[in-house]
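Student: Have a look at this one.
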Amino acid sequence: MSLSIIVLAAGKGTRMKSELPKVLHKISGKPMLFHILEESKELSSNITVILSHKFNLVKDKLEENFKDLNIVKQDLKNYPGTGGALKNLKFIGDKVLVLNGDMPLVTSSTLKTLVESKADIAMTILELNNPTGYGRVVIENGFAKEIVEQKDCNKEQLNIKSVNAGVYCFSKDILENFVPKIDNKNAQNEYYLTDIIKMAVENGKRIEPIVVDEDEFMGVNSKIHLAQAENFMQSRIKNSLMAEGIIMRNPESIYIDSMAKFSGESILENGVTIEGDCEIISSHIKAYSVVEESIVKNSSIGPMAHIRPKSTITDSHIGNFVEVKKSTLNDVKAGHLSYLGDSKIDSGTNIGAGVITCNYDGKNKYQTKIGKNVFVGSDSQLVAPLTIEDNTMVAAGSTIIDDIPTGALAISRVKQKIVNGFFKKFFKGK
Ligand code: UD1
Ligand code: MG
């Protein structure tokens, strides 16, 4: 049995009230459409994506991230609607799985059950207390008979709690026979893919309704749905990480992007954010710290530290209110209130409280290189470009503008002056 997949992503997404096309809105750091395409790839290498609204923008994003997609532009003006999306398509394979691009939570393992159905059409059903917004499914004797869109429902149909989740597996001949017959005689004057169900039933075909879970098959149509889908995805990501051995304190307060990778036994405290392509290996990320697109290995971070993109932190301790950006730290202690940007810091080095790498002169960014066993005293400013060699010391409160050779102490302070009896003189009579 050969399978092809069509993902519908051409719609305007009006209810999203957004300039950004709906399917590019992100769930756990990744556009909704990417999530569903990644799951699709598990089942078939023949994937067609239907686009139209902001065609070039979405197409470019897809091509940057996926190879071998068949991208088709829907004629939204003349053939609007989910049925319009399939007009003039050549269908490939014995079966065709049709998915909506606004369903970021769907997993390939559930889709597989649809593909394995013996019926002419297998379709997904959600049983919802609040069916608002979805097409209602008329079910008789265990088989689906018809889907009625909310705007076309009569009073009785509006009360139906079984709704169309919007994922179907068709045998190819069904699409070839009935897609050309879909019309636009409905409340929205759109071509509804859902009309195929009624036509197929009238032609003696059998439609198997497969009940699925909302936390996997919800459609995202508004920003409220976006937040709900995000919650579902976050629970899924965190539960799977905890199952793999990650400890989370108050997991509801933690946010982790879907691209983040974990290994070893790490601890994430409450309020932690792990964003983008991160790798966290056997580390302790303390409360309210943010790690973005970085590697953290055998280290403790925070509380309230900010690790910005392209940092690699190994065997190190990063304390509270320390910001690290595009830096490589290997066996380093930076315990308090520092900014370490565009730097490379080697083993045994201690960065005192309030140390700042001055990496930017208003035009360009420059590197700070700090060697092994360097003691950088508190509140020093290291003006880049700068190299501090091994086994050196920087006196507290120094502004360092020249490289420091091995073994040296660098000190740059105004000499302290003592004025005896000054206090009494100053506050005389007060
Ligand atoms: C659709 C179903 C509805 C179902 C719901 C599940 C129809 C007519 N209705 O409604 O029964 O309960 O999904 O979420 O199919 N799209 C196109 N071209 C278009 C219009 C839409 O590609 O002309 C794409 C959209 O980008 C989106 C998907 O199809 O990814 C669904 O479109 P949407 O407008 O969200 O359909 P619903 O009204 O939610
Ligand atoms: Mg929808």
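Quick note on naming: the chains in the structure tokens go A, B, ... in the order shown, residues restart at 1 in each chain, and ligands are numbered from 1 in order of appearance.
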Quick one: which chain A residues come within 6 Å of ligand 1, and what is the nearest atom pair for each with the distance in Å to one decimal, counting only C-alpha atoms and all ligand atoms, rows ordered by chain and ascending number, as a tab-separated table?
Tutor:
```
residue	atom	partner	partner_atom_place_in_ligand_line	distance
A:Leu8	CA	ligand 1	22 (O)	3.8
A:Ala9	CA	ligand 1	26 (O)	3.3
A:Ala10	CA	ligand 1	22 (O)	3.5
A:Gly11	CA	ligand 1	26 (O)	3.5
A:Ile50	CA	ligand 1	22 (O)	5.6
A:Leu76	CA	ligand 1	23 (O)	5.8
A:Pro80	CA	ligand 1	23 (O)	4.1
A:Gly81	CA	ligand 1	23 (O)	3.2
A:Thr82	CA	ligand 1	19 (C)	4.5
A:Gly84	CA	ligand 1	23 (O)	5.9
A:Ala85	CA	ligand 1	18 (N)	5.0
A:Asn100	CA	ligand 1	30 (O)	4.3
A:Gly101	CA	ligand 1	30 (O)	3.8
A:Asp102	CA	ligand 1	30 (O)	4.4
A:Tyr134	CA	ligand 1	12 (O)	3.5
A:Gly135	CA	ligand 1	11 (O)	3.4
A:Glu149	CA	ligand 1	11 (O)	5.6
A:Val163	CA	ligand 1	12 (O)	5.8
A:Asn164	CA	ligand 1	12 (O)	4.1
A:Ala165	CA	ligand 1	6 (C)	4.4
A:Gly166	CA	ligand 1	6 (C)	4.2
A:Tyr192	CA	ligand 1	8 (C)	4.1
A:Leu193	CA	ligand 1	15 (O)	5.1
A:Thr194	CA	ligand 1	15 (O)	5.2
A:Gly219	CA	ligand 1	14 (O)	4.1
A:Asn221	CA	ligand 1	35 (O)	5.8
```
Student: For the selection just defined, write its residues with C-alpha atoms to a file, as a compact mmCIF listing (two decimals), in the first residue's frame.
Tutor:
```
# COMPACT_ATOMS: atom_id res chain seq x y z
CA LEU A 8 -3.70 22.13 3.76
CA ALA A 9 -2.09 25.42 4.69
CA ALA A 10 -3.43 27.96 2.23
CA GLY A 11 -6.12 29.57 4.35
CA ILE A 50 -1.08 23.57 -0.30
CA LEU A 76 -8.01 30.98 -3.44
CA PRO A 80 -11.60 28.99 -1.81
CA GLY A 81 -12.04 26.41 0.93
CA THR A 82 -10.56 23.08 1.98
CA GLY A 84 -10.91 24.12 -3.34
CA ALA A 85 -7.44 23.28 -2.08
CA ASN A 100 -4.73 20.54 8.23
CA GLY A 101 -1.68 22.72 8.71
CA ASP A 102 -3.19 24.21 11.86
CA TYR A 134 -15.93 22.82 14.31
CA GLY A 135 -17.91 20.98 11.63
CA GLU A 149 -20.07 23.20 9.02
CA VAL A 163 -17.06 17.12 15.53
CA ASN A 164 -14.75 16.76 12.57
CA ALA A 165 -11.13 16.96 13.67
CA GLY A 166 -10.13 17.64 10.04
CA TYR A 192 -15.81 22.26 1.47
CA LEU A 193 -13.70 19.11 1.45
CA THR A 194 -16.14 17.83 4.07
CA GLY A 219 -7.22 22.89 15.39
CA ASN A 221 -7.84 29.05 14.78
```
Student: Would you mind listing what lies within 10 Å of A:Asn350 as a list of chain:residue names, with only C-alpha atoms counted and same-chain residues fewer than 6 positions away left out?
Tutor: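 Residues meeting the cut-off are A:His317, A:Asp331, A:Val332, A:Lys333, A:Ala334, A:Gly335, A:Lys372, A:Asn373, A:Val374, A:Phe375, A:Val376, A:Gly377, A:Ser378, A:Met393.
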Student: Let's see if you can do this: from backbone DSSP, list all helix (DSSP H, G or I) residues in stretch 237-363 of chain A, as a list of chain:residue names.
Tutor: A:Ile237, A:Lys238, A:Asn239, A:Ser240, A:Leu241, A:Met242, A:Ala243, A:Pro251, A:Glu252, A:Ser253
Student: Might you pull out every residue within 10 Å of A:Arg236, with only C-alpha atoms counted and same-chain residues fewer than 5 positions away left off, and present them as a ChimeraX atom specification?
Tutor: /A:105,215,230-231,241,258
Student: List as a PyMOL selection string the protein and nucleic acid residues near A:Pro31, meaning an atom at most 10 Å away when only C-alpha atoms are counted, but skip any in the same chain fewer than 2 places from it.
Tutor: chain A and resi 22-29+33-36+61-62+101-102+104
Student: Could the residues in this selection be written to a file with all heavy atoms, as a compact mmCIF listing (two decimals), in the first residue's frame?
Tutor:
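selection.txt was written with the following content:
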```
# COMPACT_ATOMS: atom_id res chain seq x y z
N LYS A 22 -1.27 32.02 9.60
CA LYS A 22 -1.59 31.19 10.78
C LYS A 22 -0.62 30.05 10.99
O LYS A 22 -0.13 29.83 12.11
CB LYS A 22 -3.02 30.66 10.63
CG LYS A 22 -3.41 29.67 11.71
CD LYS A 22 -4.90 29.43 11.79
CE LYS A 22 -5.39 28.41 10.83
NZ LYS A 22 -6.79 28.02 11.12
N VAL A 23 -0.31 29.32 9.90
CA VAL A 23 0.49 28.10 10.06
C VAL A 23 1.95 28.37 10.43
O VAL A 23 2.69 27.46 10.75
CB VAL A 23 0.43 27.21 8.80
CG1 VAL A 23 -0.96 26.65 8.63
CG2 VAL A 23 0.88 27.99 7.56
N LEU A 24 2.37 29.66 10.39
CA LEU A 24 3.73 29.99 10.81
C LEU A 24 3.81 30.41 12.27
O LEU A 24 4.90 30.61 12.83
CB LEU A 24 4.33 31.08 9.92
CG LEU A 24 4.64 30.69 8.48
CD1 LEU A 24 5.37 31.83 7.77
CD2 LEU A 24 5.46 29.41 8.39
N HIS A 25 2.66 30.54 12.92
CA HIS A 25 2.69 30.82 14.37
C HIS A 25 3.33 29.64 15.07
O HIS A 25 3.09 28.49 14.71
CB HIS A 25 1.28 31.09 14.90
CG HIS A 25 0.86 32.50 14.67
ND1 HIS A 25 1.10 33.50 15.59
CD2 HIS A 25 0.26 33.09 13.62
CE1 HIS A 25 0.66 34.65 15.11
NE2 HIS A 25 0.15 34.43 13.91
N LYS A 26 4.13 29.95 16.08
CA LYS A 26 4.94 28.90 16.69
C LYS A 26 4.28 28.24 17.89
O LYS A 26 3.62 28.90 18.69
CB LYS A 26 6.29 29.47 17.12
CG LYS A 26 7.18 29.79 15.95
CD LYS A 26 8.49 30.36 16.41
CE LYS A 26 9.41 30.62 15.20
NZ LYS A 26 10.62 31.31 15.59
N ILE A 27 4.52 26.95 18.01
CA ILE A 27 4.20 26.19 19.22
C ILE A 27 5.52 25.60 19.70
O ILE A 27 6.22 24.94 18.93
CB ILE A 27 3.20 25.05 18.91
CG1 ILE A 27 1.87 25.60 18.40
CG2 ILE A 27 2.99 24.15 20.14
CD1 ILE A 27 1.00 26.28 19.43
N SER A 28 5.87 25.87 20.93
CA SER A 28 7.13 25.39 21.51
C SER A 28 8.32 25.65 20.58
O SER A 28 9.14 24.77 20.32
CB SER A 28 7.02 23.91 21.88
OG SER A 28 6.03 23.75 22.88
N GLY A 29 8.35 26.86 20.05
CA GLY A 29 9.51 27.32 19.29
C GLY A 29 9.54 26.97 17.82
O GLY A 29 10.48 27.33 17.11
N LEU A 33 3.11 24.46 11.22
CA LEU A 33 3.22 23.66 10.00
C LEU A 33 4.43 22.72 10.04
O LEU A 33 4.38 21.60 9.54
CB LEU A 33 3.31 24.61 8.79
CG LEU A 33 3.27 24.01 7.39
CD1 LEU A 33 2.05 23.12 7.19
CD2 LEU A 33 3.28 25.13 6.34
N PHE A 34 5.51 23.16 10.68
CA PHE A 34 6.71 22.31 10.77
C PHE A 34 6.43 21.07 11.61
O PHE A 34 6.88 19.98 11.31
CB PHE A 34 7.88 23.07 11.41
CG PHE A 34 8.51 24.13 10.54
CD1 PHE A 34 7.83 24.65 9.44
CD2 PHE A 34 9.78 24.60 10.82
CE1 PHE A 34 8.40 25.62 8.65
CE2 PHE A 34 10.37 25.58 10.02
CZ PHE A 34 9.68 26.09 8.94
N HIS A 35 5.69 21.27 12.70
CA HIS A 35 5.37 20.13 13.57
C HIS A 35 4.66 19.05 12.76
O HIS A 35 5.02 17.87 12.80
CB HIS A 35 4.46 20.57 14.73
CG HIS A 35 5.16 21.30 15.82
ND1 HIS A 35 6.00 20.68 16.71
CD2 HIS A 35 5.15 22.61 16.18
CE1 HIS A 35 6.48 21.58 17.57
NE2 HIS A 35 5.98 22.75 17.26
N ILE A 36 3.64 19.46 12.01
CA ILE A 36 2.84 18.44 11.31
C ILE A 36 3.63 17.83 10.15
O ILE A 36 3.50 16.64 9.85
CB ILE A 36 1.48 19.02 10.87
CG1 ILE A 36 0.52 17.87 10.58
CG2 ILE A 36 1.56 19.94 9.69
CD1 ILE A 36 -0.91 18.18 10.81
N LYS A 61 10.12 29.81 3.88
CA LYS A 61 10.33 29.20 5.21
C LYS A 61 10.39 27.67 5.10
O LYS A 61 11.22 27.02 5.73
CB LYS A 61 9.17 29.57 6.14
CG LYS A 61 9.37 30.88 6.84
CD LYS A 61 9.92 30.66 8.25
CE LYS A 61 10.22 31.98 8.93
NZ LYS A 61 11.60 32.35 9.05
N LEU A 62 9.48 27.12 4.30
CA LEU A 62 9.44 25.66 4.15
C LEU A 62 10.71 25.15 3.48
O LEU A 62 11.33 24.18 3.92
CB LEU A 62 8.22 25.22 3.34
CG LEU A 62 6.88 25.27 4.08
CD1 LEU A 62 5.75 24.87 3.15
CD2 LEU A 62 6.90 24.36 5.30
N GLY A 101 -2.94 22.14 8.23
CA GLY A 101 -1.68 22.72 8.71
C GLY A 101 -1.79 23.37 10.07
O GLY A 101 -0.79 23.72 10.68
N ASP A 102 -3.01 23.53 10.57
CA ASP A 102 -3.19 24.21 11.86
C ASP A 102 -3.38 23.21 13.00
O ASP A 102 -4.03 23.51 13.99
CB ASP A 102 -4.35 25.22 11.80
CG ASP A 102 -5.71 24.56 11.55
OD1 ASP A 102 -5.75 23.33 11.30
OD2 ASP A 102 -6.73 25.28 11.61
N PRO A 104 -0.91 21.35 15.19
CA PRO A 104 0.50 21.10 15.52
C PRO A 104 0.75 19.93 16.47
O PRO A 104 1.89 19.54 16.66
CB PRO A 104 0.91 22.41 16.20
CG PRO A 104 -0.36 22.94 16.79
CD PRO A 104 -1.45 22.54 15.84
```
Student: Taking only C-alpha atoms and all ligand atoms into account, which of A:Ile254, A:Ile246, A:Ile388, A:Val220 comes nearest ligand 2?
Tutor: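 Smallest distance to ligand 2 is found for A:Val220.
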Student: Within 12 Å of A:Ser380, counting only C-alpha atoms, which residues show up once you throw out same-chain ones fewer than 2 positions away? Write them as a PDB file with N, CA and C atoms, in the first residue's frame, please.
Tutor:
```pdb
ATOM      1  N   LEU A 337      26.520  38.823  38.991  1.00  0.00           N
ATOM      2  CA  LEU A 337      26.353  40.133  38.353  1.00  0.00           C
ATOM      3  C   LEU A 337      27.385  40.481  37.278  1.00  0.00           C
ATOM      4  N   SER A 338      27.532  39.627  36.272  1.00  0.00           N
ATOM      5  CA  SER A 338      28.530  39.916  35.241  1.00  0.00           C
ATOM      6  C   SER A 338      27.918  39.915  33.854  1.00  0.00           C
ATOM      7  N   TYR A 339      28.623  40.553  32.907  1.00  0.00           N
ATOM      8  CA  TYR A 339      28.288  40.387  31.498  1.00  0.00           C
ATOM      9  C   TYR A 339      29.517  39.828  30.779  1.00  0.00           C
ATOM     10  N   LEU A 340      29.391  38.634  30.245  1.00  0.00           N
ATOM     11  CA  LEU A 340      30.490  38.002  29.519  1.00  0.00           C
ATOM     12  C   LEU A 340      30.021  37.762  28.087  1.00  0.00           C
ATOM     13  N   ILE A 351      35.850  34.711  37.766  1.00  0.00           N
ATOM     14  CA  ILE A 351      35.395  36.040  37.347  1.00  0.00           C
ATOM     15  C   ILE A 351      34.692  36.669  38.547  1.00  0.00           C
ATOM     16  N   GLY A 352      35.214  37.753  39.057  1.00  0.00           N
ATOM     17  CA  GLY A 352      34.645  38.382  40.254  1.00  0.00           C
ATOM     18  C   GLY A 352      33.300  39.039  39.987  1.00  0.00           C
ATOM     19  N   ALA A 353      32.650  39.456  41.078  1.00  0.00           N
ATOM     20  CA  ALA A 353      31.326  40.086  40.960  1.00  0.00           C
ATOM     21  C   ALA A 353      31.417  41.353  40.119  1.00  0.00           C
ATOM     22  N   GLY A 354      30.473  41.534  39.238  1.00  0.00           N
ATOM     23  CA  GLY A 354      30.366  42.787  38.502  1.00  0.00           C
ATOM     24  C   GLY A 354      31.355  42.980  37.372  1.00  0.00           C
ATOM     25  N   VAL A 355      32.045  41.927  36.974  1.00  0.00           N
ATOM     26  CA  VAL A 355      33.002  42.055  35.861  1.00  0.00           C
ATOM     27  C   VAL A 355      32.234  42.182  34.535  1.00  0.00           C
ATOM     28  N   ILE A 356      32.736  43.090  33.698  1.00  0.00           N
ATOM     29  CA  ILE A 356      32.055  43.303  32.419  1.00  0.00           C
ATOM     30  C   ILE A 356      33.040  43.236  31.262  1.00  0.00           C
ATOM     31  N   THR A 357      32.716  42.430  30.255  1.00  0.00           N
ATOM     32  CA  THR A 357      33.476  42.492  29.013  1.00  0.00           C
ATOM     33  C   THR A 357      32.841  43.605  28.181  1.00  0.00           C
ATOM     34  N   CYS A 358      33.645  44.626  27.855  1.00  0.00           N
ATOM     35  CA  CYS A 358      33.133  45.726  27.035  1.00  0.00           C
ATOM     36  C   CYS A 358      33.393  45.305  25.595  1.00  0.00           C
ATOM     37  N   PHE A 375      42.603  35.312  37.853  1.00  0.00           N
ATOM     38  CA  PHE A 375      41.709  35.855  38.862  1.00  0.00           C
ATOM     39  C   PHE A 375      41.331  37.266  38.436  1.00  0.00           C
ATOM     40  N   VAL A 376      40.068  37.436  38.041  1.00  0.00           N
ATOM     41  CA  VAL A 376      39.627  38.769  37.620  1.00  0.00           C
ATOM     42  C   VAL A 376      38.886  39.390  38.802  1.00  0.00           C
ATOM     43  N   GLY A 377      39.458  40.428  39.384  1.00  0.00           N
ATOM     44  CA  GLY A 377      38.874  41.062  40.566  1.00  0.00           C
ATOM     45  C   GLY A 377      37.534  41.711  40.253  1.00  0.00           C
ATOM     46  N   SER A 378      36.754  41.910  41.305  1.00  0.00           N
ATOM     47  CA  SER A 378      35.389  42.423  41.151  1.00  0.00           C
ATOM     48  C   SER A 378      35.352  43.778  40.462  1.00  0.00           C
ATOM     49  N   LEU A 382      36.729  44.868  31.163  1.00  0.00           N
ATOM     50  CA  LEU A 382      37.717  44.306  30.245  1.00  0.00           C
ATOM     51  C   LEU A 382      37.362  44.810  28.849  1.00  0.00           C
ATOM     52  N   VAL A 383      38.152  45.777  28.355  1.00  0.00           N
ATOM     53  CA  VAL A 383      37.794  46.433  27.099  1.00  0.00           C
ATOM     54  C   VAL A 383      38.373  45.641  25.917  1.00  0.00           C
ATOM     55  N   MET A 393      46.519  38.044  37.252  1.00  0.00           N
ATOM     56  CA  MET A 393      45.513  38.622  38.149  1.00  0.00           C
ATOM     57  C   MET A 393      45.139  40.009  37.671  1.00  0.00           C
ATOM     58  N   VAL A 394      43.862  40.330  37.851  1.00  0.00           N
ATOM     59  CA  VAL A 394      43.392  41.680  37.561  1.00  0.00           C
ATOM     60  C   VAL A 394      42.888  42.233  38.883  1.00  0.00           C
ATOM     61  N   ALA A 395      43.414  43.369  39.298  1.00  0.00           N
ATOM     62  CA  ALA A 395      43.002  43.928  40.583  1.00  0.00           C
ATOM     63  C   ALA A 395      41.572  44.448  40.492  1.00  0.00           C
ATOM     64  N   ALA A 396      40.842  44.314  41.593  1.00  0.00           N
ATOM     65  CA  ALA A 396      39.439  44.756  41.618  1.00  0.00           C
ATOM     66  C   ALA A 396      39.326  46.200  41.155  1.00  0.00           C
ATOM     67  N   GLY A 397      38.281  46.518  40.462  1.00  0.00           N
ATOM     68  CA  GLY A 397      38.010  47.897  40.055  1.00  0.00           C
ATOM     69  C   GLY A 397      38.879  48.405  38.935  1.00  0.00           C
ATOM     70  N   SER A 398      39.551  47.515  38.213  1.00  0.00           N
ATOM     71  CA  SER A 398      40.440  47.971  37.136  1.00  0.00           C
ATOM     72  C   SER A 398      39.689  48.094  35.808  1.00  0.00           C
ATOM     73  N   THR A 399      40.165  49.032  34.999  1.00  0.00           N
ATOM     74  CA  THR A 399      39.712  49.089  33.610  1.00  0.00           C
ATOM     75  C   THR A 399      40.877  48.609  32.767  1.00  0.00           C
ATOM     76  N   ILE A 400      40.727  47.463  32.147  1.00  0.00           N
ATOM     77  CA  ILE A 400      41.852  46.836  31.447  1.00  0.00           C
ATOM     78  C   ILE A 400      41.707  47.099  29.952  1.00  0.00           C
ATOM     79  N   ILE A 401      42.684  47.789  29.388  1.00  0.00           N
ATOM     80  CA  ILE A 401      42.615  48.083  27.962  1.00  0.00           C
ATOM     81  C   ILE A 401      43.742  47.426  27.170  1.00  0.00           C
ATOM     82  N   ALA A 410      47.613  42.994  36.724  1.00  0.00           N
ATOM     83  CA  ALA A 410      47.270  44.275  36.095  1.00  0.00           C
ATOM     84  C   ALA A 410      46.404  45.052  37.069  1.00  0.00           C
ATOM     85  N   ILE A 411      46.795  46.306  37.275  1.00  0.00           N
ATOM     86  CA  ILE A 411      46.020  47.133  38.201  1.00  0.00           C
ATOM     87  C   ILE A 411      45.872  48.507  37.578  1.00  0.00           C
ATOM     88  N   SER A 412      44.692  49.036  37.552  1.00  0.00           N
ATOM     89  CA  SER A 412      44.500  50.378  36.999  1.00  0.00           C
ATOM     90  C   SER A 412      43.448  51.062  37.854  1.00  0.00           C
ATOM     91  N   ARG A 413      43.961  51.787  38.877  1.00  0.00           N
ATOM     92  CA  ARG A 413      43.049  52.482  39.788  1.00  0.00           C
ATOM     93  C   ARG A 413      43.646  53.841  40.089  1.00  0.00           C
TER      94      ARG A 413
END
```
Student: Can you list, as a PyMOL selection string, every protein, DNA or RNA residue that comes within 10 Å of A:Met248 when you count only C-alpha atoms, leaving out same-chain residues fewer than 3 positions away?
Tutor: chain A and resi 238-239+241-242+245+251-254+266-270+272+285
Student: Let me see the file: selected residues, C-alpha atoms, as a PDB file, in the first residue's frame.
Tutor:
```pdb
ATOM      1  CA  LYS A 238       8.108  17.959  29.892  1.00  0.00           C
ATOM      2  CA  ASN A 239       6.482  14.621  30.672  1.00  0.00           C
ATOM      3  CA  LEU A 241      11.819  14.571  29.604  1.00  0.00           C
ATOM      4  CA  MET A 242      10.869  13.624  33.166  1.00  0.00           C
ATOM      5  CA  GLY A 245      15.235  11.227  34.046  1.00  0.00           C
ATOM      6  CA  PRO A 251       7.023  21.793  35.960  1.00  0.00           C
ATOM      7  CA  GLU A 252       3.992  23.989  35.149  1.00  0.00           C
ATOM      8  CA  SER A 253       6.249  27.017  35.539  1.00  0.00           C
ATOM      9  CA  ILE A 254       8.953  25.726  33.179  1.00  0.00           C
ATOM     10  CA  SER A 266      19.697  17.414  34.901  1.00  0.00           C
ATOM     11  CA  ILE A 267      17.637  19.470  37.324  1.00  0.00           C
ATOM     12  CA  LEU A 268      15.443  22.340  36.191  1.00  0.00           C
ATOM     13  CA  GLU A 269      14.088  24.553  38.944  1.00  0.00           C
ATOM     14  CA  ASN A 270      10.856  26.572  38.760  1.00  0.00           C
ATOM     15  CA  VAL A 272      13.315  28.087  33.931  1.00  0.00           C
ATOM     16  CA  ILE A 285      19.543  25.158  35.955  1.00  0.00           C
TER      17      ILE A 285
END
```
